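Peer 1: Dropping in data.pdb, which is PDB, C-alpha atoms:
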ATOM      1  CA  MET A   1      39.699-134.437 -52.152  1.00  0.00           C
ATOM      2  CA  PRO A   2      38.205-130.949 -52.700  1.00  0.00           C
ATOM      3  CA  GLU A   3      40.570-128.026 -52.910  1.00  0.00           C
ATOM      4  CA  THR A   4      40.762-125.909 -49.716  1.00  0.00           C
ATOM      5  CA  SER A   5      39.521-122.362 -50.126  1.00  0.00           C
ATOM      6  CA  GLU A   6      41.378-119.375 -48.712  1.00  0.00           C
ATOM      7  CA  GLY A   7      38.253-118.417 -46.691  1.00  0.00           C
ATOM      8  CA  TRP A   8      39.708-119.924 -43.531  1.00  0.00           C
ATOM      9  CA  LYS A   9      42.096-116.948 -43.380  1.00  0.00           C
ATOM     10  CA  THR A  10      39.216-114.519 -42.852  1.00  0.00           C
ATOM     11  CA  ALA A  11      36.614-116.775 -41.221  1.00  0.00           C
ATOM     12  CA  VAL A  12      37.814-116.109 -37.661  1.00  0.00           C
ATOM     13  CA  THR A  13      37.202-112.884 -35.727  1.00  0.00           C
ATOM     14  CA  MET A  14      39.087-112.382 -32.444  1.00  0.00           C
ATOM     15  CA  LEU A  15      36.521-111.534 -29.759  1.00  0.00           C
ATOM     16  CA  GLN A  16      38.728-111.588 -26.660  1.00  0.00           C
ATOM     17  CA  ASP A  17      42.282-112.501 -25.768  1.00  0.00           C
ATOM     18  CA  VAL A  18      43.147-112.843 -22.089  1.00  0.00           C
ATOM     19  CA  ALA A  19      46.593-113.516 -20.651  1.00  0.00           C
ATOM     20  CA  PRO A  20      48.202-114.764 -18.563  1.00  0.00           C
ATOM     21  CA  LEU A  21      46.130-117.732 -17.511  1.00  0.00           C
ATOM     22  CA  ALA A  22      47.095-120.329 -14.958  1.00  0.00           C
ATOM     23  CA  ILE A  23      45.041-123.508 -15.182  1.00  0.00           C
ATOM     24  CA  PRO A  24      45.778-126.019 -12.427  1.00  0.00           C
ATOM     25  CA  GLU A  25      46.620-129.587 -13.342  1.00  0.00           C
ATOM     26  CA  GLY A  26      43.498-131.728 -13.231  1.00  0.00           C
ATOM     27  CA  ALA A  27      41.181-128.766 -13.859  1.00  0.00           C
ATOM     28  CA  SER A  28      37.991-129.218 -15.845  1.00  0.00           C
ATOM     29  CA  ALA A  29      35.958-126.921 -18.074  1.00  0.00           C
ATOM     30  CA  MET A  30      32.232-126.555 -18.567  1.00  0.00           C
ATOM     31  CA  THR A  31      30.374-124.549 -21.216  1.00  0.00           C
ATOM     32  CA  ILE A  32      26.817-123.520 -20.382  1.00  0.00           C
ATOM     33  CA  GLN A  33      24.091-121.457 -22.026  1.00  0.00           C
ATOM     34  CA  VAL A  34      22.117-119.079 -19.810  1.00  0.00           C
ATOM     35  CA  GLU A  35      18.770-117.495 -20.728  1.00  0.00           C
ATOM     36  CA  TRP A  36      17.135-114.876 -18.506  1.00  0.00           C
ATOM     37  CA  GLU A  37      13.594-113.591 -18.836  1.00  0.00           C
ATOM     38  CA  PRO A  38      13.095-109.800 -19.240  1.00  0.00           C
ATOM     39  CA  GLY A  39      14.394-107.927 -16.175  1.00  0.00           C
ATOM     40  CA  ASP A  40      15.671-111.081 -14.388  1.00  0.00           C
ATOM     41  CA  GLN A  41      18.409-110.112 -11.931  1.00  0.00           C
ATOM     42  CA  GLY A  42      20.357-113.302 -12.672  1.00  0.00           C
ATOM     43  CA  THR A  43      22.563-115.336 -10.356  1.00  0.00           C
ATOM     44  CA  PRO A  44      23.045-113.959  -6.824  1.00  0.00           C
ATOM     45  CA  PRO A  45      26.568-112.689  -5.997  1.00  0.00           C
ATOM     46  CA  HIS A  46      29.017-115.554  -6.469  1.00  0.00           C
ATOM     47  CA  ARG A  47      32.551-116.504  -7.450  1.00  0.00           C
ATOM     48  CA  HIS A  48      34.218-119.115  -9.600  1.00  0.00           C
ATOM     49  CA  SER A  49      37.357-121.036  -8.615  1.00  0.00           C
ATOM     50  CA  ASP A  50      39.085-120.245 -11.919  1.00  0.00           C
ATOM     51  CA  PRO A  51      38.571-118.060 -15.011  1.00  0.00           C
ATOM     52  CA  SER A  52      35.267-117.854 -16.875  1.00  0.00           C
ATOM     53  CA  PHE A  53      34.722-116.539 -20.402  1.00  0.00           C
ATOM     54  CA  GLY A  54      31.389-115.416 -21.816  1.00  0.00           C
ATOM     55  CA  TYR A  55      29.784-114.364 -25.081  1.00  0.00           C
ATOM     56  CA  VAL A  56      26.393-112.631 -25.325  1.00  0.00           C
ATOM     57  CA  VAL A  57      24.368-114.326 -28.067  1.00  0.00           C
ATOM     58  CA  GLU A  58      21.265-112.120 -27.857  1.00  0.00           C
ATOM     59  CA  GLY A  59      19.977-109.265 -25.751  1.00  0.00           C
ATOM     60  CA  ALA A  60      22.143-107.576 -23.136  1.00  0.00           C
ATOM     61  CA  VAL A  61      23.752-108.692 -19.867  1.00  0.00           C
ATOM     62  CA  ARG A  62      24.224-106.456 -16.835  1.00  0.00           C
ATOM     63  CA  PHE A  63      27.727-107.465 -15.732  1.00  0.00           C
ATOM     64  CA  GLU A  64      29.624-106.462 -12.609  1.00  0.00           C
ATOM     65  CA  LEU A  65      32.785-107.809 -11.015  1.00  0.00           C
ATOM     66  CA  GLU A  66      34.095-106.695  -7.652  1.00  0.00           C
ATOM     67  CA  GLY A  67      36.201-103.547  -8.068  1.00  0.00           C
ATOM     68  CA  GLU A  68      34.884-102.769 -11.558  1.00  0.00           C
ATOM     69  CA  PRO A  69      31.957-100.543 -12.488  1.00  0.00           C
ATOM     70  CA  GLU A  70      28.738-102.184 -13.597  1.00  0.00           C
ATOM     71  CA  ARG A  71      28.468-102.381 -17.379  1.00  0.00           C
ATOM     72  CA  VAL A  72      26.083-103.694 -20.008  1.00  0.00           C
ATOM     73  CA  VAL A  73      27.434-106.220 -22.512  1.00  0.00           C
ATOM     74  CA  GLU A  74      25.282-106.370 -25.634  1.00  0.00           C
ATOM     75  CA  ALA A  75      24.841-109.181 -28.159  1.00  0.00           C
ATOM     76  CA  GLY A  76      28.146-109.928 -29.864  1.00  0.00           C
ATOM     77  CA  GLY A  77      30.116-108.736 -26.832  1.00  0.00           C
ATOM     78  CA  THR A  78      32.310-110.750 -24.509  1.00  0.00           C
ATOM     79  CA  PHE A  79      33.140-110.761 -20.818  1.00  0.00           C
ATOM     80  CA  TRP A  80      35.505-112.669 -18.566  1.00  0.00           C
ATOM     81  CA  GLU A  81      36.347-112.961 -14.934  1.00  0.00           C
ATOM     82  CA  PRO A  82      39.595-114.137 -13.381  1.00  0.00           C
ATOM     83  CA  GLY A  83      38.051-116.446 -10.796  1.00  0.00           C
ATOM     84  CA  GLY A  84      39.479-116.972  -7.348  1.00  0.00           C
ATOM     85  CA  ASP A  85      38.489-114.501  -4.664  1.00  0.00           C
ATOM     86  CA  VAL A  86      36.775-111.943  -6.933  1.00  0.00           C
ATOM     87  CA  ILE A  87      33.005-111.626  -6.409  1.00  0.00           C
ATOM     88  CA  HIS A  88      30.778-111.599  -9.501  1.00  0.00           C
ATOM     89  CA  HIS A  89      27.936-109.297  -8.399  1.00  0.00           C
ATOM     90  CA  GLN A  90      25.711-109.288 -11.493  1.00  0.00           C
ATOM     91  CA  ASP A  91      24.966-111.287 -14.630  1.00  0.00           C
ATOM     92  CA  GLY A  92      21.274-110.498 -15.110  1.00  0.00           C
ATOM     93  CA  ASN A  93      19.185-109.355 -18.056  1.00  0.00           C
ATOM     94  CA  ALA A  94      19.699-105.640 -18.730  1.00  0.00           C
ATOM     95  CA  LEU A  95      16.522-105.581 -20.825  1.00  0.00           C
ATOM     96  CA  THR A  96      13.003-105.263 -19.434  1.00  0.00           C
ATOM     97  CA  ASP A  97      11.246-106.140 -22.700  1.00  0.00           C
ATOM     98  CA  ALA A  98      13.164-109.125 -24.098  1.00  0.00           C
ATOM     99  CA  ARG A  99      14.996-112.273 -23.025  1.00  0.00           C
ATOM    100  CA  ASN A 100      18.760-112.480 -23.186  1.00  0.00           C
ATOM    101  CA  ARG A 101      21.035-115.421 -23.863  1.00  0.00           C
ATOM    102  CA  PHE A 102      24.736-115.896 -23.267  1.00  0.00           C
ATOM    103  CA  VAL A 103      27.264-118.716 -23.297  1.00  0.00           C
ATOM    104  CA  VAL A 104      29.935-119.120 -20.600  1.00  0.00           C
ATOM    105  CA  THR A 105      32.918-121.453 -20.444  1.00  0.00           C
ATOM    106  CA  MET A 106      34.077-121.916 -16.844  1.00  0.00           C
ATOM    107  CA  MET A 107      37.349-123.459 -15.786  1.00  0.00           C
ATOM    108  CA  CYS A 108      37.190-125.313 -12.491  1.00  0.00           C
ATOM    109  CA  ALA A 109      39.966-126.235 -10.063  1.00  0.00           C
ATOM    110  CA  PRO A 110      39.979-129.906  -9.034  1.00  0.00           C
ATOM    111  CA  GLY A 111      37.621-130.616  -6.141  1.00  0.00           C
ATOM    112  CA  LYS A 112      35.982-127.168  -6.299  1.00  0.00           C
ATOM    113  CA  PRO A 113      32.424-126.335  -7.383  1.00  0.00           C
ATOM    114  CA  MET A 114      31.947-124.341 -10.589  1.00  0.00           C
ATOM    115  CA  LEU A 115      30.091-121.647  -8.634  1.00  0.00           C
ATOM    116  CA  ASP A 116      29.987-120.605  -4.969  1.00  0.00           C
ATOM    117  CA  LEU A 117      27.307-118.189  -3.738  1.00  0.00           C
ATOM    118  CA  VAL A 118      28.523-115.375  -1.469  1.00  0.00           C
ATOM    119  CA  ASP A 119      26.539-114.787   1.742  1.00  0.00           C
ATOM    120  CA  GLU A 120      25.251-111.436   3.012  1.00  0.00           C
ATOM    121  CA  GLN A 121      27.864-111.232   5.788  1.00  0.00           C
ATOM    122  CA  GLU A 122      30.771-111.534   3.336  1.00  0.00           C
ATOM    123  CA  LEU A 123      29.132-109.024   0.969  1.00  0.00           C
ATOM    124  CA  ALA A 124      28.908-106.539   3.861  1.00  0.00           C
ATOM    125  CA  GLU A 125      32.538-107.175   4.870  1.00  0.00           C
ATOM    126  CA  ARG A 126      33.725-106.594   1.299  1.00  0.00           C
ATOM    127  CA  ALA A 127      31.399-103.699   0.427  1.00  0.00           C
ATOM    128  CA  HIS A 128      34.392-101.333   0.291  1.00  0.00           C
ATOM    129  CA  LEU A 129      35.772-103.351  -2.661  1.00  0.00           C
ATOM    130  CA  ARG A 130      32.682-102.825  -4.808  1.00  0.00           C
ATOM    131  CA  ALA A 131      32.789-100.009  -7.378  1.00  0.00           C
ATOM    132  CA  PRO A 132      30.420 -97.072  -6.750  1.00  0.00           C
ATOM    133  CA  ARG A 133      26.834 -97.912  -7.733  1.00  0.00           C
ATOM    134  CA  PRO A 134      25.149 -95.993 -10.595  1.00  0.00           C
ATOM    135  CA  THR A 135      22.743 -93.311  -9.415  1.00  0.00           C
ATOM    136  CA  GLY A 136      19.271 -92.618 -10.741  1.00  0.00           C
TER     137      GLY A 136
END
Show how you would write the structure in this file as structure tokens.

Peer 2:
Amino acid sequence: MPETSEGWKTAVTMLQDVAPLAIPEGASAMTIQVEWEPGDQGTPPHRHSDPSFGYVVEGAVRFELEGEPERVVEAGGTFWEPGGDVIHHQDGNALTDARNRFVVTMMCAPGKPMLDLVDEQELAERAHLRAPRPTG
């Protein structure tokens, strides 16, 4: 058997650490890869039943959760959302001249869909919970 190198001690880089997490018994997890064309606005406003964790592989993602300001997460960056009632407003491509690609692992409560779209009426009712929009 080959001797183990000491490289394993430095091979891992912590990208995000989120706590506390409550995962219901019987929950499942799904990991997906998403690729958006230049300027694609991404998934319409939605929510997940439980936490989701993402990593931007290439390009840049325009990311916005209810109550938080919109931000751009560039390649090598991470994002997460707690799930539950929180609306995920944006996950589109922040670039107009290149594709982006990111990987997301979503936890899912038993009997719930991985993603629920939010209708216009609920968006209007919860507009006061959205962070101020960037100007210009």

Peer 1: Just the number, please: distance in Å from CA of Glu70 (chain A) to CA of Pro134 (chain A), one decimal.

Peer 2: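 One can read the CA of Glu70 (chain A) to CA of Pro134 (chain A) distance as 7.8 Å.
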
Peer 1: Applied to the shown file, which residues does the PyMOL selection byres ((chain A and resi 21) around 12) return, written as a ChimeraX atom specification?

Peer 2: /A:17-20,22-24,50-53,80-83,107

Peer 1: The PyMOL selection byres ((chain A and resi 94) around 6) - which residues does that actually catch in the file I just gave you? List them as a list in words.

Peer 2: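 Evaluating the PyMOL selection byres ((chain A and resi 94) around 6) on these coordinates yields Ala60, Val61, Arg62, Asn93 and Leu95 of chain A.
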
Peer 1: Any chance you could work out the residue set of the PyMOL selection byres ((chain A and resi 108-123) around 6) here, as an MDAnalysis selection string?

Peer 2: chainID A and resid 26:29 45:50 107 124:127

Peer 1: CA of Gly77 (chain A) and CA of Trp8 (chain A), how far apart in Å?

Peer 2: 22.3 Å

Peer 1: What is the distance between CA of His89 (chain A) and CA of Glu68 (chain A), in Å to one decimal?

Peer 2: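 Separation between CA of His89 (chain A) and CA of Glu68 (chain A): 10.0 Å.
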
Peer 1: Quick one: what's the axis-aligned box for region 112-118 of chain A, all listed atoms, 3 Å on every side, centre and edges in Å to one decimal, as AutoDock Vina command-line options?

Peer 2:
--center_x 31.6 --center_y -121.3 --center_z -6.0 --size_x 14.7 --size_y 17.8 --size_z 15.1
